[in-house]
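S.K.: So here's run-v4.txt (compact mmCIF, C-alpha atoms and all ligand atoms).
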```
# COMPACT_ATOMS: atom_id res chain seq x y z
CA GLN X 14 29.82 -21.94 6.82
CA GLU X 15 32.43 -21.90 4.07
CA GLY X 16 31.22 -23.25 0.75
CA ILE X 17 27.53 -22.52 1.28
CA PHE X 18 27.63 -18.85 2.14
CA THR X 19 31.08 -17.44 1.45
CA PHE X 20 31.24 -14.46 3.79
CA ASP X 21 33.51 -11.57 2.93
CA PRO X 22 35.97 -11.62 5.89
CA GLY X 23 35.57 -7.85 6.12
CA PHE X 24 31.86 -8.42 6.71
CA THR X 25 32.33 -9.77 10.22
CA SER X 26 34.39 -6.73 11.18
CA THR X 27 31.26 -4.59 10.71
CA ALA X 28 28.75 -7.20 11.98
CA SER X 29 27.20 -6.35 15.34
CA CYS X 30 26.95 -10.02 16.33
CA LYS X 31 26.98 -13.59 15.08
CA SER X 32 23.61 -15.28 14.68
CA ALA X 33 22.33 -18.55 13.23
CA ILE X 34 18.68 -17.50 13.02
CA THR X 35 18.04 -15.57 9.79
CA TYR X 36 20.09 -15.15 6.64
CA ILE X 37 19.49 -12.31 4.15
CA ASP X 38 21.14 -11.88 0.76
CA GLY X 39 20.14 -8.32 -0.14
CA GLU X 40 21.53 -8.42 -3.66
CA ASN X 41 19.65 -11.56 -4.66
CA GLY X 42 16.53 -11.10 -2.56
CA VAL X 43 17.09 -14.22 -0.43
CA LEU X 44 15.57 -14.66 3.07
CA LEU X 45 16.11 -17.89 5.04
CA TYR X 46 14.75 -18.68 8.52
CA ARG X 47 17.16 -21.27 10.01
CA GLY X 48 18.07 -22.22 6.44
CA TYR X 49 14.50 -22.62 5.15
CA PRO X 50 13.47 -20.24 2.30
CA ILE X 51 10.74 -17.79 3.32
CA GLU X 52 8.78 -18.77 0.20
CA GLN X 53 8.50 -22.42 1.35
CA LEU X 54 7.60 -21.48 4.93
CA ALA X 55 4.97 -19.02 3.68
CA GLU X 56 3.49 -21.74 1.50
CA GLN X 57 3.63 -24.74 3.86
CA SER X 58 4.12 -23.69 7.48
CA SER X 59 2.19 -21.79 10.16
CA PHE X 60 3.15 -18.83 12.35
CA LEU X 61 3.44 -20.95 15.52
CA GLU X 62 5.51 -23.60 13.73
CA VAL X 63 7.80 -20.85 12.36
CA SER X 64 7.99 -19.42 15.88
CA TYR X 65 9.26 -22.78 17.16
CA LEU X 66 11.72 -23.01 14.25
CA LEU X 67 13.14 -19.52 14.83
CA MET X 68 13.53 -20.05 18.59
CA TYR X 69 14.80 -23.63 18.67
CA GLY X 70 16.44 -24.03 15.28
CA GLU X 71 14.56 -27.05 13.91
CA LEU X 72 11.09 -27.80 12.56
CA PRO X 73 9.14 -29.56 15.39
CA SER X 74 7.72 -33.08 15.27
CA ARG X 75 3.94 -33.37 15.50
CA GLU X 76 4.14 -34.17 19.22
CA THR X 77 6.58 -31.36 19.97
CA MET X 78 4.40 -28.91 18.05
CA GLU X 79 1.33 -29.99 20.04
CA SER X 80 3.04 -29.43 23.37
CA PHE X 81 4.51 -26.10 22.18
CA LYS X 82 1.05 -24.94 21.08
CA ASN X 83 -0.47 -25.96 24.43
CA SER X 84 2.26 -24.12 26.28
CA ILE X 85 1.48 -20.96 24.30
CA LEU X 86 -2.27 -21.33 24.90
CA TYR X 87 -1.61 -21.74 28.64
CA HIS X 88 -0.26 -18.18 28.75
CA THR X 89 -2.79 -16.23 26.61
CA MET X 90 -4.55 -14.55 29.55
CA ILE X 91 -3.02 -11.49 31.23
CA ASN X 92 -3.05 -10.58 34.93
CA GLU X 93 -6.36 -8.82 35.56
CA SER X 94 -4.60 -5.84 37.16
CA LEU X 95 -2.78 -5.21 33.84
CA LEU X 96 -6.15 -4.14 32.42
CA ARG X 97 -6.24 -1.26 34.87
CA PHE X 98 -3.18 0.26 33.16
CA PHE X 99 -5.30 0.90 30.08
CA ASN X 100 -7.71 3.09 32.06
CA GLY X 101 -4.81 5.49 32.57
CA PHE X 102 -4.51 6.13 28.83
CA HIS X 103 -6.69 8.65 27.00
CA TYR X 104 -8.84 6.92 24.34
CA ASP X 105 -6.71 8.57 21.59
CA ALA X 106 -3.35 7.28 22.91
CA HIS X 107 -1.40 5.67 20.05
CA PRO X 108 -1.64 1.87 20.47
CA MET X 109 2.16 1.58 20.12
CA ALA X 110 2.50 3.92 23.10
CA MET X 111 0.15 1.68 25.08
CA MET X 112 2.02 -1.45 23.95
CA THR X 113 5.37 0.02 25.01
CA GLY X 114 3.99 0.84 28.46
CA VAL X 115 1.99 -2.30 29.15
CA VAL X 116 4.49 -4.82 27.74
CA GLY X 117 7.23 -3.09 29.74
CA SER X 118 5.05 -3.41 32.84
CA LEU X 119 5.09 -7.21 32.49
CA SER X 120 8.56 -6.88 34.03
CA ALA X 121 6.79 -5.78 37.22
CA PHE X 122 4.76 -9.01 37.28
CA TYR X 123 7.37 -11.50 36.15
CA HIS X 124 10.74 -11.10 37.82
CA ASP X 125 12.30 -13.32 35.17
CA GLN X 126 15.65 -11.73 35.76
CA ASN X 127 16.84 -15.28 36.51
CA ALA X 128 15.52 -16.20 33.04
CA MET X 129 19.03 -15.31 31.97
CA ARG X 130 20.47 -18.32 33.79
CA ASP X 131 17.74 -20.97 33.92
CA PRO X 132 16.84 -22.48 30.48
CA ASN X 133 13.40 -23.52 31.73
CA GLN X 134 12.70 -19.96 32.91
CA ARG X 135 13.89 -18.70 29.52
CA ASP X 136 11.32 -20.91 27.76
CA VAL X 137 8.56 -19.75 30.13
CA PHE X 138 9.40 -16.12 29.27
CA ALA X 139 9.46 -16.94 25.53
CA HIS X 140 6.13 -18.76 25.47
CA ARG X 141 4.50 -16.22 27.80
CA ILE X 142 5.44 -13.15 25.76
CA ILE X 143 4.41 -14.71 22.43
CA ALA X 144 1.08 -15.76 23.95
CA LYS X 145 0.29 -12.44 25.61
CA MET X 146 1.11 -10.02 22.79
CA PRO X 147 -2.23 -10.53 20.93
CA THR X 148 -4.16 -10.25 24.21
CA ILE X 149 -2.44 -6.97 25.13
CA ALA X 150 -2.80 -5.66 21.56
CA ALA X 151 -6.52 -6.43 21.58
CA ALA X 152 -6.91 -4.70 24.95
CA ALA X 153 -5.21 -1.59 23.51
CA TYR X 154 -7.57 -1.67 20.53
CA LYS X 155 -10.69 -2.18 22.68
CA HIS X 156 -9.61 0.68 24.95
CA SER X 157 -9.18 3.01 21.95
CA ILE X 158 -12.73 2.32 20.73
CA GLY X 159 -14.38 2.25 24.15
CA GLN X 160 -15.47 -1.38 23.93
CA PRO X 161 -15.15 -3.98 26.69
CA PHE X 162 -12.05 -6.17 26.70
CA MET X 163 -12.68 -9.69 25.34
CA TYR X 164 -10.88 -12.62 26.96
CA PRO X 165 -8.97 -15.15 24.83
CA GLN X 166 -10.81 -18.33 23.81
CA ASN X 167 -8.20 -21.07 23.75
CA HIS X 168 -10.16 -23.42 21.52
CA LEU X 169 -9.41 -20.95 18.72
CA GLY X 170 -6.10 -20.88 16.82
CA TYR X 171 -3.55 -18.14 17.49
CA CYS X 172 -4.81 -15.76 14.78
CA SER X 173 -8.51 -16.61 15.16
CA ASN X 174 -8.15 -15.89 18.88
CA LEU X 175 -6.64 -12.51 18.01
CA LEU X 176 -9.55 -11.68 15.66
CA HIS X 177 -12.01 -12.78 18.36
CA MET X 178 -10.39 -10.49 20.98
CA PHE X 179 -10.31 -7.60 18.48
CA PHE X 180 -13.76 -7.83 16.94
CA SER X 181 -16.18 -9.77 19.10
CA VAL X 182 -18.47 -7.93 21.52
CA PRO X 183 -20.54 -9.37 24.40
CA ALA X 184 -23.81 -8.38 22.74
CA GLU X 185 -23.41 -10.41 19.57
CA ALA X 186 -22.25 -13.80 18.35
CA TYR X 187 -18.97 -13.64 16.43
CA SER X 188 -16.94 -16.23 14.59
CA PRO X 189 -13.56 -15.26 13.16
CA ASP X 190 -13.33 -15.37 9.35
CA PRO X 191 -10.98 -18.26 8.42
CA VAL X 192 -9.79 -16.28 5.37
CA ALA X 193 -8.78 -13.40 7.65
CA ALA X 194 -7.09 -15.78 10.12
CA GLU X 195 -5.14 -17.44 7.30
CA ALA X 196 -4.05 -14.06 5.90
CA LEU X 197 -2.90 -12.91 9.35
CA ASP X 198 -0.98 -16.14 9.89
CA LEU X 199 0.92 -15.59 6.62
CA LEU X 200 1.60 -11.91 7.39
CA PHE X 201 2.98 -12.92 10.78
CA ILE X 202 5.28 -15.54 9.20
CA LEU X 203 6.66 -12.87 6.84
CA HIS X 204 7.18 -10.35 9.65
CA ALA X 205 8.53 -12.79 12.26
CA ASP X 206 12.25 -12.09 11.95
CA HIS X 207 14.69 -10.16 9.81
CA GLU X 208 18.25 -10.45 11.09
CA GLN X 209 19.72 -7.35 12.80
CA ASN X 210 17.05 -4.77 11.92
CA ALA X 211 16.85 -1.73 14.18
CA SER X 212 14.35 -3.17 16.67
CA THR X 213 16.03 -6.58 16.96
CA SER X 214 19.42 -4.96 17.52
CA THR X 215 17.77 -2.81 20.20
CA VAL X 216 16.42 -5.87 21.99
CA ARG X 217 19.80 -7.60 21.81
CA LEU X 218 21.66 -4.56 23.12
CA ALA X 219 19.18 -4.02 25.97
CA GLY X 220 19.05 -7.74 26.76
CA SER X 221 22.86 -8.01 26.82
CA THR X 222 22.92 -5.92 30.01
CA GLY X 223 20.94 -8.62 31.83
CA THR X 224 17.81 -6.50 32.15
CA ASN X 225 14.39 -8.07 32.60
CA PRO X 226 13.50 -9.71 29.23
CA TYR X 227 10.04 -8.09 29.11
CA ALA X 228 11.71 -4.68 29.45
CA ALA X 229 14.05 -5.63 26.60
CA ILE X 230 11.06 -6.55 24.40
CA ALA X 231 9.45 -3.19 25.25
CA SER X 232 12.59 -1.46 23.94
CA GLY X 233 12.10 -3.33 20.66
CA ILE X 234 8.50 -2.10 20.42
CA THR X 235 9.74 1.45 20.85
CA ALA X 236 12.28 1.10 18.03
CA LEU X 237 9.80 -0.64 15.71
CA TRP X 238 7.32 2.25 16.07
CA GLY X 239 9.40 4.63 13.93
CA PRO X 240 8.04 5.34 10.39
CA ALA X 241 11.43 4.41 8.89
CA HIS X 242 10.99 0.92 10.36
CA GLY X 243 7.83 -0.87 11.44
CA GLY X 244 5.77 2.31 11.41
CA ALA X 245 6.07 2.32 7.61
CA ASN X 246 2.97 0.16 7.07
CA GLU X 247 0.85 2.82 8.77
CA ALA X 248 2.75 5.53 6.86
CA VAL X 249 2.05 3.78 3.51
CA LEU X 250 -1.71 4.06 4.06
CA ASP X 251 -1.36 7.70 5.12
CA MET X 252 0.71 8.31 1.96
CA LEU X 253 -1.83 6.59 -0.32
CA HIS X 254 -4.62 8.66 1.23
CA GLU X 255 -2.51 11.82 0.72
CA ILE X 256 -1.84 10.95 -2.96
CA GLY X 257 -5.56 10.29 -3.25
CA ASP X 258 -5.76 9.68 -6.98
CA VAL X 259 -3.67 8.01 -9.70
CA LYS X 260 -3.35 11.34 -11.51
CA ASN X 261 -1.41 12.76 -8.53
CA ILE X 262 1.24 10.00 -8.57
CA PRO X 263 3.75 11.81 -10.88
CA LYS X 264 3.77 14.84 -8.54
CA TYR X 265 4.60 12.64 -5.54
CA ILE X 266 7.22 10.67 -7.47
CA GLU X 267 8.97 14.00 -8.16
CA LYS X 268 8.64 15.01 -4.48
CA ALA X 269 10.28 11.72 -3.48
CA LYS X 270 13.24 12.51 -5.76
CA ASP X 271 13.66 16.07 -4.48
CA LYS X 272 16.44 16.07 -1.85
CA ASN X 273 15.02 19.27 -0.38
CA ASP X 274 11.65 17.67 0.10
CA PRO X 275 11.34 15.44 3.21
CA PHE X 276 8.69 13.32 1.41
CA ARG X 277 9.74 9.72 0.83
CA LEU X 278 7.79 6.96 -0.86
CA MET X 279 6.82 4.96 2.21
CA GLY X 280 7.03 1.21 1.65
CA PHE X 281 9.89 1.64 -0.81
CA GLY X 282 13.58 1.07 -0.25
CA HIS X 283 15.53 -1.02 2.19
CA ARG X 284 18.91 -0.80 3.90
CA VAL X 285 19.76 -4.38 2.91
CA TYR X 286 17.56 -5.42 -0.01
CA LYS X 287 18.91 -3.78 -3.13
CA ASN X 288 16.56 -5.93 -5.11
CA TYR X 289 12.92 -6.84 -4.57
CA ASP X 290 12.12 -7.71 -0.93
CA PRO X 291 11.11 -11.41 -1.24
CA ARG X 292 8.43 -10.82 1.39
CA ALA X 293 6.88 -8.04 -0.70
CA LYS X 294 6.59 -10.45 -3.63
CA ILE X 295 4.68 -12.95 -1.48
CA ILE X 296 2.49 -10.28 0.12
CA ARG X 297 1.72 -8.72 -3.28
CA GLU X 298 0.29 -12.01 -4.58
CA MET X 299 -1.54 -12.64 -1.33
CA CYS X 300 -3.02 -9.14 -1.38
CA HIS X 301 -4.92 -9.85 -4.57
CA LYS X 302 -6.07 -13.29 -3.33
CA VAL X 303 -7.26 -12.00 0.05
CA LEU X 304 -9.07 -8.98 -1.37
CA LYS X 305 -10.77 -11.22 -3.95
CA ARG X 306 -11.83 -13.75 -1.27
CA LEU X 307 -13.11 -10.88 0.88
CA GLY X 308 -14.91 -9.39 -2.11
CA LYS X 309 -12.79 -6.21 -1.93
CA GLU X 310 -10.70 -6.69 -5.09
CA ASN X 311 -11.77 -3.26 -6.36
CA ASP X 312 -10.29 -1.50 -3.34
CA PRO X 313 -9.27 1.92 -4.74
CA LEU X 314 -6.22 1.95 -2.44
CA LEU X 315 -4.99 -1.28 -4.00
CA GLU X 316 -5.42 0.14 -7.48
CA LEU X 317 -3.53 3.26 -6.43
CA ALA X 318 -0.76 1.13 -4.85
CA MET X 319 -0.43 -1.02 -7.97
CA GLU X 320 -0.18 2.05 -10.23
CA LEU X 321 2.33 3.71 -7.87
CA GLU X 322 4.44 0.54 -7.85
CA HIS X 323 4.27 0.28 -11.65
CA ILE X 324 5.34 3.90 -12.18
CA ALA X 325 8.10 3.75 -9.55
CA LEU X 326 9.53 0.48 -10.90
CA ASN X 327 9.80 2.06 -14.35
CA ASP X 328 11.30 5.33 -13.15
CA ASP X 329 15.05 5.71 -13.77
CA TYR X 330 15.68 7.37 -10.38
CA PHE X 331 14.13 4.50 -8.38
CA VAL X 332 15.72 1.87 -10.59
CA GLU X 333 19.14 3.53 -10.25
CA LYS X 334 18.73 3.91 -6.44
CA LYS X 335 17.45 0.31 -6.32
CA LEU X 336 14.30 1.36 -4.50
CA TYR X 337 11.78 -1.49 -4.65
CA PRO X 338 8.62 -2.11 -2.62
CA ASN X 339 9.42 -3.59 0.79
CA VAL X 340 7.43 -5.76 3.17
CA ASP X 341 5.41 -2.78 4.41
CA PHE X 342 4.13 -1.63 1.03
CA TYR X 343 1.25 -4.08 0.73
CA SER X 344 0.75 -5.31 4.30
CA GLY X 345 -1.25 -2.22 5.30
CA ILE X 346 -3.72 -2.74 2.44
CA ILE X 347 -4.38 -6.29 3.64
CA TYR X 348 -4.71 -5.25 7.29
CA LYS X 349 -7.21 -2.61 6.20
CA ALA X 350 -9.18 -5.21 4.20
CA LEU X 351 -9.25 -7.41 7.33
CA GLY X 352 -10.83 -4.55 9.28
CA ILE X 353 -7.69 -3.74 11.30
CA PRO X 354 -7.55 0.07 11.85
CA VAL X 355 -4.47 1.91 10.53
CA SER X 356 -3.39 2.85 14.06
CA MET X 357 -3.00 -0.88 14.84
CA PHE X 358 -0.86 -1.81 11.80
CA THR X 359 2.49 -1.46 13.57
CA VAL X 360 1.07 -3.29 16.59
CA MET X 361 0.41 -6.24 14.26
CA PHE X 362 4.02 -6.03 13.10
CA ALA X 363 5.11 -6.03 16.77
CA ILE X 364 3.08 -9.17 17.54
CA ALA X 365 4.89 -11.01 14.75
CA ARG X 366 8.34 -9.57 15.42
CA THR X 367 8.12 -10.48 19.11
CA VAL X 368 9.01 -13.99 17.90
CA GLY X 369 12.20 -12.73 16.24
CA TRP X 370 13.13 -10.54 19.19
CA THR X 371 12.59 -13.49 21.53
CA ALA X 372 14.57 -15.90 19.31
CA HIS X 373 17.51 -13.49 19.27
CA TRP X 374 17.27 -12.95 23.03
CA LEU X 375 17.28 -16.73 23.61
CA GLU X 376 20.25 -17.15 21.25
CA MET X 377 22.18 -14.39 23.00
CA VAL X 378 21.54 -15.34 26.64
CA GLY X 379 22.05 -19.01 25.81
CA ASP X 380 25.60 -18.25 24.66
CA PRO X 381 28.03 -18.82 27.56
CA ALA X 382 30.38 -16.33 25.89
CA MET X 383 27.71 -13.58 25.96
CA ARG X 384 29.09 -10.12 26.84
CA ILE X 385 27.37 -6.78 27.22
CA GLY X 386 26.94 -5.00 23.87
CA ARG X 387 29.12 -1.92 23.60
CA PRO X 388 29.11 -0.34 20.10
CA ARG X 389 31.99 2.13 19.52
CA GLN X 390 31.81 5.38 17.54
CA LEU X 391 33.85 7.42 15.05
CA TYR X 392 34.68 10.59 17.05
CA VAL X 393 34.35 13.71 14.87
CA GLY X 394 34.31 16.33 17.66
CA GLU X 395 36.93 18.86 18.96
CA GLY X 396 40.44 17.87 19.91
CA GLN X 397 41.44 18.36 23.59
CA ARG X 398 41.32 22.03 24.68
CA ASP X 399 41.52 24.04 27.96
CA TYR X 400 38.59 25.48 29.91
CA VAL X 401 37.83 29.18 29.22
CA PRO X 402 36.49 31.23 32.21
CA VAL X 403 33.14 32.85 31.47
CA ASP X 404 34.46 36.48 31.45
CA ARG X 405 36.90 35.53 28.65
CA ARG X 406 34.33 33.86 26.33
C1 LIG X 501 11.35 -2.27 7.52
O1 LIG X 501 16.04 -3.44 8.57
C2 LIG X 501 15.06 -4.20 8.28
O2 LIG X 501 15.20 -5.37 7.96
C3 LIG X 501 13.70 -3.54 8.38
C4 LIG X 501 12.53 -4.41 7.97
C5 LIG X 501 12.36 -5.56 8.94
O3 LIG X 501 11.76 -6.56 8.55
O4 LIG X 501 12.75 -5.40 10.13
O5 LIG X 501 12.71 -4.91 6.67
C6 LIG X 501 11.21 -3.65 8.03
O6 LIG X 501 11.62 -1.39 8.31
C7 LIG X 501 11.26 -2.02 6.04
C8 LIG X 501 11.53 -0.54 5.67
C9 LIG X 501 10.25 0.25 5.96
N1 LIG X 501 10.51 1.69 5.83
C10 LIG X 501 9.98 2.39 4.80
O7 LIG X 501 9.34 1.89 3.86
C11 LIG X 501 10.20 3.89 4.90
C12 LIG X 501 10.61 4.42 3.52
N2 LIG X 501 11.93 3.88 3.21
C13 LIG X 501 13.03 4.64 3.63
O8 LIG X 501 12.91 5.57 4.63
C14 LIG X 501 14.38 3.99 3.40
O9 LIG X 501 14.34 3.32 2.21
C15 LIG X 501 14.89 3.07 4.47
C16 LIG X 501 14.86 3.71 5.82
C17 LIG X 501 14.10 1.81 4.50
C18 LIG X 501 16.31 2.77 4.12
O10 LIG X 501 16.97 4.03 4.19
P1 LIG X 501 18.44 4.13 3.72
O11 LIG X 501 19.24 3.04 4.32
O12 LIG X 501 18.93 5.53 3.88
O13 LIG X 501 18.29 3.80 2.17
P2 LIG X 501 19.43 3.75 1.21
O14 LIG X 501 20.75 4.02 1.84
O15 LIG X 501 19.32 2.48 0.45
O16 LIG X 501 19.08 5.01 0.27
C19 LIG X 501 19.65 5.09 -0.99
C20 LIG X 501 19.15 6.37 -1.58
C21 LIG X 501 19.29 7.59 -0.66
O17 LIG X 501 19.49 8.70 -1.52
P3 LIG X 501 21.00 9.29 -1.63
O18 LIG X 501 21.40 9.73 -0.24
O19 LIG X 501 21.85 8.12 -2.14
O20 LIG X 501 20.87 10.41 -2.62
O21 LIG X 501 17.73 6.28 -1.86
C22 LIG X 501 17.05 7.30 -1.16
C23 LIG X 501 17.93 7.76 -0.03
O22 LIG X 501 17.65 9.11 0.29
N3 LIG X 501 15.83 6.69 -0.63
C24 LIG X 501 14.61 7.08 -0.93
C25 LIG X 501 13.76 6.18 -0.27
N4 LIG X 501 14.50 5.30 0.40
C26 LIG X 501 15.79 5.61 0.18
N5 LIG X 501 14.14 8.09 -1.69
C27 LIG X 501 12.79 8.18 -1.77
N6 LIG X 501 11.90 7.35 -1.18
C28 LIG X 501 12.36 6.34 -0.41
N7 LIG X 501 11.50 5.52 0.19
```
Any chance you could put this one into C-alpha cells?
M.R.:
Amino acid sequence: QEGIFTFDPGFTSTASCKSAITYIDGENGVLLYRGYPIEQLAEQSSFLEVSYLLMYGELPSRETMESFKNSILYHTMINESLLRFFNGFHYDAHPMAMMTGVVGSLSAFYHDQNAMRDPNQRDVFAHRIIAKMPTIAAAAYKHSIGQPFMYPQNHLGYCSNLLHMFFSVPAEAYSPDPVAAEALDLLFILHADHEQNASTSTVRLAGSTGTNPYAAIASGITALWGPAHGGANEAVLDMLHEIGDVKNIPKYIEKAKDKNDPFRLMGFGHRVYKNYDPRAKIIREMCHKVLKRLGKENDPLLELAMELEHIALNDDYFVEKKLYPNVDFYSGIIYKALGIPVSMFTVMFAIARTVGWTAHWLEMVGDPAMRIGRPRQLYVGEGQRDYVPVDRR
C-alpha cells in the first residue's frame, strides 16, 4: 500500500509473487505477520492464534478461536497404517528423511486434489496438516529411540501434547513441563512464517501445479532440511561442539573469514536481514529465561554461544558483511535444554513452518488469477552450433 510501505517499483519486477501474509524490512529488522509486529505476537499471542492469523488474515474472536482449536484437535491422530511406514526406516534414519516420506504419504490417504477448488476442503487440509505434524514428528522420534509410539491426548494444549508424545512412556506417569510448553509455543510463533524463504517458495511452486497439497508440504520439508536454511539450528549445535571451548573461537572466526575454507559461522547471516534478525533478539532473551527456569543457566554451550556472538559482533569483517545472529543461532540451545535431541531440531522448525507453508498455499490457491509458477533463467551457455559426428570430435 502506498504511504505505509513505499515499495521500490523495481522490487516487484524481481518478486516471485505478491503476498499479504508476512512483511520483512531487512535493513531495519522489521517482521510483521499480517501487519502485527512479531515482538507483540511473541509477547501476547499463542502459536495456534498466530496460525489462525497467518492463514485467515485477522486475529480470531474468542468463539472463532475455540472452534479453530477444536478443529485442530479433531485431526491430531494419524491413520494407524501410517505407523507401519516407520518400521521400514532403520533406527538411524534422519528424522527429516522420515518426515519427508511420511508427510508425503499423507497424499495417498487424503486425495485432497479437489482441495484446490473447494474452500471447505482447503480448510480441512490446513487444519489436518497442522494437527498431524507433531504426531508424525513424535512417531519419527520414538522410532529413532526404539520406544513405543504415544497417542495424542487432546485435553493437552498443542505444545504440551507434543511433549507428551515425545517424552511419555507407557511404563511411567508423565506430565509435560509448562515452562517447556510455553518455550516451544514461543519458538513456534517465531518460526511460523518468513515471506518467500526457500522452503515456502518451494511449496508455492509445487502447489501452483495443482499437485496434492500434502505432497507440496513434503517438498517444503525437503527444502527446509538444508543446513543453509532450516538445518542451520542443528548445524549451530554441531559447530559449538566442534569449537568446544571459548579459547578456540578466534581460530574459527578466522576460518569463517577465509574464502578458501568452506567453514561458515552457522546461525549467522541472512539473505534479507542486513541487521539483527528481530526473532534472534527475542529468542536470545528467552534463552536466558528458559535456561534459568529449567535450572540450566550455566549451560556451557550457552556461554560459548554468548562469547562467540560477542566476538563476532565486534569483528570488523562480520560488521562490514552485516553478519548478525539469525533465528537459528539460539533456538538449538533452547531445544537442547528442553530435552529435544539435535537430530529433531529441524523437525521442530518444520512443525512451525508448516503453518506458513499452509498459509501461502491457501493464499495462492484461493486466488482466482493463480497460474502455474514458471521462473525464467539467465542463459549463460553456448550459442547455437551444429552437431559434430563422433569420428570428427
Ligand atoms: C534461515 O530466507 C529465510 O527467511 C530463511 C529463514 C526463515 O525463517 O525461513 O530466516 C531461516 O534459513 C536462516 C538462515 C540459517 N542459515 C544459517 O545460519 C547458515 C549460515 N549462514 C549462511 O550460510 C548465509 O548467511 C545464508 C545462507 C543465510 C545467507 O547466504 P548469502 O545470501 O550468500 O549471504 P550474503 O549474500 O548476505 O553473504 C554476504 C557475504 C558473503 O561473502 P562475499 O561473497 O560477499 O565475500 O557474507 C558471507 C558470504 O560468503 N557470509 C558468511 C556467512 N554468511 C554469509 N561468512 C561466514 N559465515 C557466515 N555465516
S.K.: Please give me, as a list in words, the residues lying within 6 Å of ligand LIG 501 (chain X) when counting all atoms listed in the file.
M.R.: His207, Asn210, Ala211, Ala241, His242, Gly243, Ala245, Ala269, Lys270, Arg277, Leu278, Met279, Gly280, Phe281, Gly282, His283, Arg284, Lys334, Asn339 and Asp341 of chain X
S.K.: Create the file for the chosen residues now, containing C-alpha atoms and written as a CSV table (one decimal), keeping the file's coordinate frame.
M.R.:
```
chain,number,residue,atom,x,y,z
X,207,HIS,CA,14.7,-10.2,9.8
X,210,ASN,CA,17.0,-4.8,11.9
X,211,ALA,CA,16.8,-1.7,14.2
X,241,ALA,CA,11.4,4.4,8.9
X,242,HIS,CA,11.0,0.9,10.4
X,243,GLY,CA,7.8,-0.9,11.4
X,245,ALA,CA,6.1,2.3,7.6
X,269,ALA,CA,10.3,11.7,-3.5
X,270,LYS,CA,13.2,12.5,-5.8
X,277,ARG,CA,9.7,9.7,0.8
X,278,LEU,CA,7.8,7.0,-0.9
X,279,MET,CA,6.8,5.0,2.2
X,280,GLY,CA,7.0,1.2,1.6
X,281,PHE,CA,9.9,1.6,-0.8
X,282,GLY,CA,13.6,1.1,-0.2
X,283,HIS,CA,15.5,-1.0,2.2
X,284,ARG,CA,18.9,-0.8,3.9
X,334,LYS,CA,18.7,3.9,-6.4
X,339,ASN,CA,9.4,-3.6,0.8
X,341,ASP,CA,5.4,-2.8,4.4
```
S.K.: Counting only C-alpha atoms, give me one row per residue of stretch 190-274 of chain X with an atom at most 10 Å from an atom of stretch 374-392 of chain X, showing the shortest contact pair and its distance in Å to one decimal, sorted by chain then residue number, as CSV.
M.R.:
```
residue,atom,partner,partner_atom,distance
X:Thr213,CA,X:Trp374,CA,8.9
X:Ser214,CA,X:Gly386,CA,9.8
X:Val216,CA,X:Trp374,CA,7.2
X:Arg217,CA,X:Trp374,CA,6.0
X:Leu218,CA,X:Gly386,CA,5.4
X:Ala219,CA,X:Gly386,CA,8.1
X:Gly220,CA,X:Trp374,CA,6.7
X:Ser221,CA,X:Ile385,CA,4.7
X:Thr222,CA,X:Ile385,CA,5.3
X:Gly223,CA,X:Ile385,CA,8.1
X:Pro226,CA,X:Trp374,CA,7.9
X:Ala229,CA,X:Trp374,CA,8.8
X:Ile230,CA,X:Trp374,CA,9.0
```
S.K.: Have a look at X:Met90, X:Leu119, X:Met178, X:Met163 and name the one nearest to X:Phe138; count all atoms listed in the file.
M.R.: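 Closest to X:Phe138 of all the choices is X:Leu119.
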S.K.: Work out where the centre of an axis-aligned box around every listed atom of stretch 389-397 of chain X lies and how long its edges are once 4 Å is added on each side; give both in Å to one decimal as JSON.
M.R.:
```
{"center_x": 36.6, "center_y": 10.5, "center_z": 19.2, "size_x": 17.6, "size_y": 24.7, "size_z": 16.7}
```
S.K.: How far is it from atom CA of X:Ser344 to atom CA of X:Arg141, in Å with one decimal?
M.R.: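 Between atom CA of X:Ser344 and atom CA of X:Arg141 the gap works out to 26.2 Å.
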S.K.: Just the residues within 9 Å of X:Tyr87, please, counting only C-alpha atoms, with nothing from its chain fewer than 2 positions along; format it as a PyMOL selection string.
M.R.: chain X and resi 82-85+89-90+140-141+144+167
S.K.: Could the residues in this selection be written to a file with C-alpha atoms, as a JSON list (two decimals), in the frame of the given file?
M.R.:
```
[["chain", "number", "residue", "atom", "x", "y", "z"],
["X", 82, "LYS", "CA", 1.05, -24.94, 21.08],
["X", 83, "ASN", "CA", -0.47, -25.96, 24.43],
["X", 84, "SER", "CA", 2.26, -24.12, 26.28],
["X", 85, "ILE", "CA", 1.48, -20.96, 24.30],
["X", 89, "THR", "CA", -2.79, -16.23, 26.61],
["X", 90, "MET", "CA", -4.55, -14.55, 29.55],
["X", 140, "HIS", "CA", 6.13, -18.76, 25.47],
["X", 141, "ARG", "CA", 4.50, -16.22, 27.80],
["X", 144, "ALA", "CA", 1.08, -15.76, 23.95],
["X", 167, "ASN", "CA", -8.20, -21.07, 23.75]]
```
S.K.: Counting all atoms listed in the file, figure out which residue out of X:Asn133, X:Thr224, X:Gln209, X:Thr113 gets nearest to X:Lys31.
M.R.: X:Gln209
S.K.: For stretch 201-248 of chain X against stretch 355-369 of chain X, with a cut-off of 7 Å and counting all atoms listed in the file, what is the closest atom pair and its distance in Å to one decimal for every residue that makes the cut, ordered by chain and number, as CSV?
M.R.:
```
residue,atom,partner,partner_atom,distance
X:Phe201,CA,X:Ala365,CA,4.8
X:His204,CA,X:Ala365,CA,5.6
X:Ala205,CA,X:Arg366,CA,4.5
X:Asp206,CA,X:Gly369,CA,4.3
X:Ile234,CA,X:Ala363,CA,6.3
X:Trp238,CA,X:Thr359,CA,6.6
X:Gly243,CA,X:Thr359,CA,5.8
X:Gly244,CA,X:Thr359,CA,5.4
X:Asn246,CA,X:Phe358,CA,6.4
X:Glu247,CA,X:Val355,CA,5.7
```
S.K.: Using C-alpha atoms, can you export the residues from the last selection as a compact mmCIF listing (two decimals), in the frame of the given file?
M.R.:
```txt
# COMPACT_ATOMS: atom_id res chain seq x y z
CA PHE X 201 2.98 -12.92 10.78
CA HIS X 204 7.18 -10.35 9.65
CA ALA X 205 8.53 -12.79 12.26
CA ASP X 206 12.25 -12.09 11.95
CA ILE X 234 8.50 -2.10 20.42
CA TRP X 238 7.32 2.25 16.07
CA GLY X 243 7.83 -0.87 11.44
CA GLY X 244 5.77 2.31 11.41
CA ASN X 246 2.97 0.16 7.07
CA GLU X 247 0.85 2.82 8.77
```
